[in-house]
Amino acid sequence: MSLDRSVLEGPAWQVASHLLGSELSVCREGVWLRGRIVETEAYDQTDAASHSHKGRTQRTDVMFGPAGHLYVYFTYGMHYCCNVVTGPRGHGAAVLIRALEPLEGTEQMTVNRLGRSGFELTNGPAKVCQALGITKADNGCDLEDGIVRLDIMSPPETQKIVQTTRIGISQAKEVAWRFYLAGNAYVSKR
């Protein structure tokens with residue numbers, strides 16, 4: 001399946017809502033781990049909460065394009081988080097994958113999450129990476145033909161999408177660039 005990068009070349013906030021319902025998958029040692037994206041947050045270089053806000057650095061280079069690659073960062077000295085790079089080449093923007101609804105490979109995800117299961121399996125950005133085995137080694141991965149894949153599905157009806165402020169950040173907390181599927185058990189926080 002080919003990745004329609006034109007969907008990802010729009011503004012991060014627009015792509016963030018469009019990615020809801022799409023699928024993120026990884027093949028590790030012949031085992032497919034796959035989940036439906038149910039919560040996202042947008043980040044853009046014009047936004048004080050974005051890693052790209054202060055310009056292009058070695059850490060943020062992937063965020064500046066092209067769209068359709070994976071930006072992975074390490075946070076709090078213990079967790080990885082993954083983002084889909086968006087926008088035009090040269091503009092630092094990405095969408096954080098905050099939560100997934102597991103679809104395939106849940107047994108291996110449970111092992112990766114040290115026995116956690118149910119909604120705790122993938123209801124947060126660090127949990128998503130741990131469950132799928134995503135690490136810094138996956139930074140820059142092409143989401144069309146790399147080990148991590150993105151299949152863009154038609155977005156759900158807008159009345160099923162909740163738009164609110166982002167969480168877990170210290171700057172630009174008032175920006176309503178967090179999106180999630182209403183009523184989904186895997187959303188990190190309501």
# chains A, B, ... in the order shown; residues from 1 in each chain; ligands from 1
>>> residues_around(residues="Arg28 (chain A)", least_positions_apart="4", cutoff="9 Å", atoms="only C-alpha atoms", output="VMD selection string")
chain A and resid 32 to 33 132 to 133 147
>>> select_by_dssp(residues="region 27-104 of chain A", states="strand (DSSP E)", output="ChimeraX atom specification")
/A:27-28,31-44,70-75,79-85,93-104
>>> write_last_selection(atoms="N, CA and C atoms", output="compact mmCIF listing (two decimals), in the first residue's frame")
# COMPACT_ATOMS: atom_id res chain seq x y z
N CYS A 27 6.48 -4.34 12.03
CA CYS A 27 6.77 -5.77 11.95
C CYS A 27 8.09 -6.00 12.66
N ARG A 28 8.03 -6.72 13.77
CA ARG A 28 9.22 -7.03 14.56
C ARG A 28 9.38 -8.54 14.60
N VAL A 31 6.53 -10.64 13.48
CA VAL A 31 5.24 -10.45 14.16
C VAL A 31 4.74 -9.03 13.87
N TRP A 32 3.52 -8.93 13.34
CA TRP A 32 2.93 -7.62 13.08
C TRP A 32 2.24 -7.09 14.33
N LEU A 33 2.54 -5.86 14.67
CA LEU A 33 1.89 -5.13 15.77
C LEU A 33 1.19 -3.96 15.11
N ARG A 34 -0.12 -3.86 15.30
CA ARG A 34 -0.89 -2.86 14.57
C ARG A 34 -1.97 -2.27 15.45
N GLY A 35 -2.17 -0.94 15.30
CA GLY A 35 -3.22 -0.29 16.06
C GLY A 35 -3.84 0.87 15.30
N ARG A 36 -5.07 1.20 15.68
CA ARG A 36 -5.80 2.34 15.11
C ARG A 36 -5.48 3.59 15.94
N ILE A 37 -5.15 4.67 15.28
CA ILE A 37 -4.83 5.92 15.96
C ILE A 37 -6.12 6.53 16.51
N VAL A 38 -6.16 6.76 17.83
CA VAL A 38 -7.38 7.28 18.45
C VAL A 38 -7.15 8.62 19.16
N GLU A 39 -5.89 9.06 19.25
CA GLU A 39 -5.60 10.35 19.90
C GLU A 39 -4.29 10.91 19.34
N THR A 40 -4.30 12.21 19.03
CA THR A 40 -3.13 12.87 18.46
C THR A 40 -2.98 14.27 19.06
N GLU A 41 -1.80 14.84 18.86
CA GLU A 41 -1.56 16.26 19.19
C GLU A 41 -0.67 16.84 18.10
N ALA A 42 -0.96 18.06 17.69
CA ALA A 42 -0.19 18.73 16.65
C ALA A 42 0.85 19.66 17.26
N TYR A 43 2.01 19.74 16.59
CA TYR A 43 3.10 20.64 16.99
C TYR A 43 3.68 21.27 15.74
N ASP A 44 3.97 22.57 15.81
CA ASP A 44 4.42 23.34 14.66
C ASP A 44 5.52 24.30 15.11
N LEU A 70 8.95 9.30 10.42
CA LEU A 70 8.72 9.19 11.86
C LEU A 70 9.74 10.02 12.61
N TYR A 71 9.27 10.86 13.52
CA TYR A 71 10.14 11.62 14.42
C TYR A 71 9.98 10.99 15.80
N VAL A 72 11.08 10.44 16.33
CA VAL A 72 11.07 9.79 17.64
C VAL A 72 11.98 10.57 18.57
N TYR A 73 11.49 10.85 19.77
CA TYR A 73 12.33 11.52 20.76
C TYR A 73 12.23 10.80 22.10
N PHE A 74 13.22 11.06 22.94
CA PHE A 74 13.32 10.47 24.27
C PHE A 74 12.93 11.55 25.27
N THR A 75 12.08 11.21 26.22
CA THR A 75 11.60 12.21 27.16
C THR A 75 11.69 11.72 28.60
N HIS A 79 11.44 7.51 28.39
CA HIS A 79 10.39 7.11 27.47
C HIS A 79 10.63 7.64 26.06
N TYR A 80 10.22 6.84 25.07
CA TYR A 80 10.21 7.29 23.68
C TYR A 80 8.80 7.71 23.32
N CYS A 81 8.69 8.70 22.45
CA CYS A 81 7.41 9.14 21.89
C CYS A 81 7.61 9.26 20.38
N CYS A 82 6.55 8.97 19.61
CA CYS A 82 6.69 9.02 18.15
C CYS A 82 5.68 9.99 17.53
N ASN A 83 6.11 10.59 16.44
CA ASN A 83 5.34 11.60 15.73
C ASN A 83 5.40 11.33 14.23
N VAL A 84 4.35 11.71 13.53
CA VAL A 84 4.32 11.69 12.07
C VAL A 84 4.69 13.08 11.60
N VAL A 85 5.74 13.18 10.78
CA VAL A 85 6.18 14.47 10.25
C VAL A 85 5.16 14.95 9.23
N ALA A 93 7.25 20.55 11.63
CA ALA A 93 5.92 20.22 12.16
C ALA A 93 5.76 18.70 12.23
N ALA A 94 4.98 18.27 13.23
CA ALA A 94 4.73 16.84 13.39
C ALA A 94 3.49 16.63 14.25
N VAL A 95 2.95 15.42 14.17
CA VAL A 95 1.78 15.03 14.95
C VAL A 95 2.18 13.91 15.89
N LEU A 96 2.05 14.16 17.19
CA LEU A 96 2.34 13.16 18.21
C LEU A 96 1.23 12.12 18.22
N ILE A 97 1.61 10.85 18.21
CA ILE A 97 0.63 9.77 18.35
C ILE A 97 0.47 9.52 19.85
N ARG A 98 -0.65 9.97 20.40
CA ARG A 98 -0.87 9.88 21.85
C ARG A 98 -1.48 8.55 22.27
N ALA A 99 -2.27 7.92 21.42
CA ALA A 99 -2.90 6.66 21.81
C ALA A 99 -3.34 5.86 20.60
N LEU A 100 -3.31 4.54 20.75
CA LEU A 100 -3.74 3.60 19.72
C LEU A 100 -4.74 2.61 20.32
N GLU A 101 -5.64 2.13 19.50
CA GLU A 101 -6.49 1.00 19.85
C GLU A 101 -5.85 -0.23 19.21
N PRO A 102 -5.35 -1.20 19.99
CA PRO A 102 -4.67 -2.36 19.42
C PRO A 102 -5.58 -3.16 18.49
N LEU A 103 -5.02 -3.60 17.35
CA LEU A 103 -5.77 -4.38 16.38
C LEU A 103 -5.13 -5.74 16.10
N GLU A 104 -3.81 -5.81 16.20
CA GLU A 104 -3.11 -7.04 15.86
C GLU A 104 -1.82 -7.10 16.68
>>> closest_atom_pairs(of="region 59-87 of chain A", to="region 5-11 of chain A", cutoff="7 Å", atoms="only C-alpha atoms", output="JSON lines")
{"residue": "A:Ala67", "atom": "CA", "partner": "A:Leu8", "partner_atom": "CA", "distance": 5.9}
{"residue": "A:Gly68", "atom": "CA", "partner": "A:Arg5", "partner_atom": "CA", "distance": 6.0}
{"residue": "A:Thr86", "atom": "CA", "partner": "A:Leu8", "partner_atom": "CA", "distance": 5.0}
{"residue": "A:Gly87", "atom": "CA", "partner": "A:Glu9", "partner_atom": "CA", "distance": 4.0}
>>> closest_atom_pairs(of="region 92-168 of chain A", to="region 176-181 of chain A", cutoff="9 Å", atoms="only C-alpha atoms", output="Markdown table")
| residue | atom | partner | partner_atom | distance |
| --- | --- | --- | --- | --- |
| A:Arg98 | CA | A:Tyr180 | CA | 8.9 |
| A:Ala99 | CA | A:Tyr180 | CA | 8.7 |
| A:Pro156 | CA | A:Leu181 | CA | 8.3 |
| A:Lys160 | CA | A:Leu181 | CA | 5.7 |
| A:Ile161 | CA | A:Leu181 | CA | 4.8 |
| A:Val162 | CA | A:Tyr180 | CA | 5.3 |
| A:Gln163 | CA | A:Phe179 | CA | 4.6 |
| A:Thr164 | CA | A:Ala176 | CA | 4.6 |
| A:Thr165 | CA | A:Ala176 | CA | 3.8 |
| A:Arg166 | CA | A:Arg178 | CA | 5.0 |
| A:Ile167 | CA | A:Arg178 | CA | 8.0 |
>>> residues_around(residues="Glu120 (chain A)", least_positions_apart="3", cutoff="12 Å", atoms="only C-alpha atoms", output="ChimeraX atom specification")
/A:99-102,106,109-110,113-117,123-128,130-131,185-189
>>> atom_distance(atom1="CA of Ile169 (chain A)", atom2="CA of Ala49 (chain A)")
6.8 Å
>>> atom_distance(atom1="CA of Thr158 (chain A)", atom2="CA of Asp4 (chain A)")
21.0 Å
>>> closest_residue(among="A:Ala16, A:His91, A:Thr135, A:Val111", to="Arg56 (chain A)", atoms="only C-alpha atoms")
A:His91
>>> closest_residue(among="A:Gln58, A:Asn184, A:Asn112, A:Ser17", to="Asn139 (chain A)", atoms="only C-alpha atoms")
A:Gln58
>>> select_by_dssp(residues="region 75-164 of chain A", states="helix (DSSP H, G or I)", output="ChimeraX atom specification")
/A:106-112,118-121,125-132,136-138,158-160
>>> atom_distance(atom1="CA of Ser52 (chain A)", atom2="CA of Ala172 (chain A)")
13.7 Å
>>> residues_around(residues="Arg89 (chain A)", least_positions_apart="2", cutoff="6 Å", atoms="only C-alpha atoms", output="ChimeraX atom specification")
/A:64-66,91
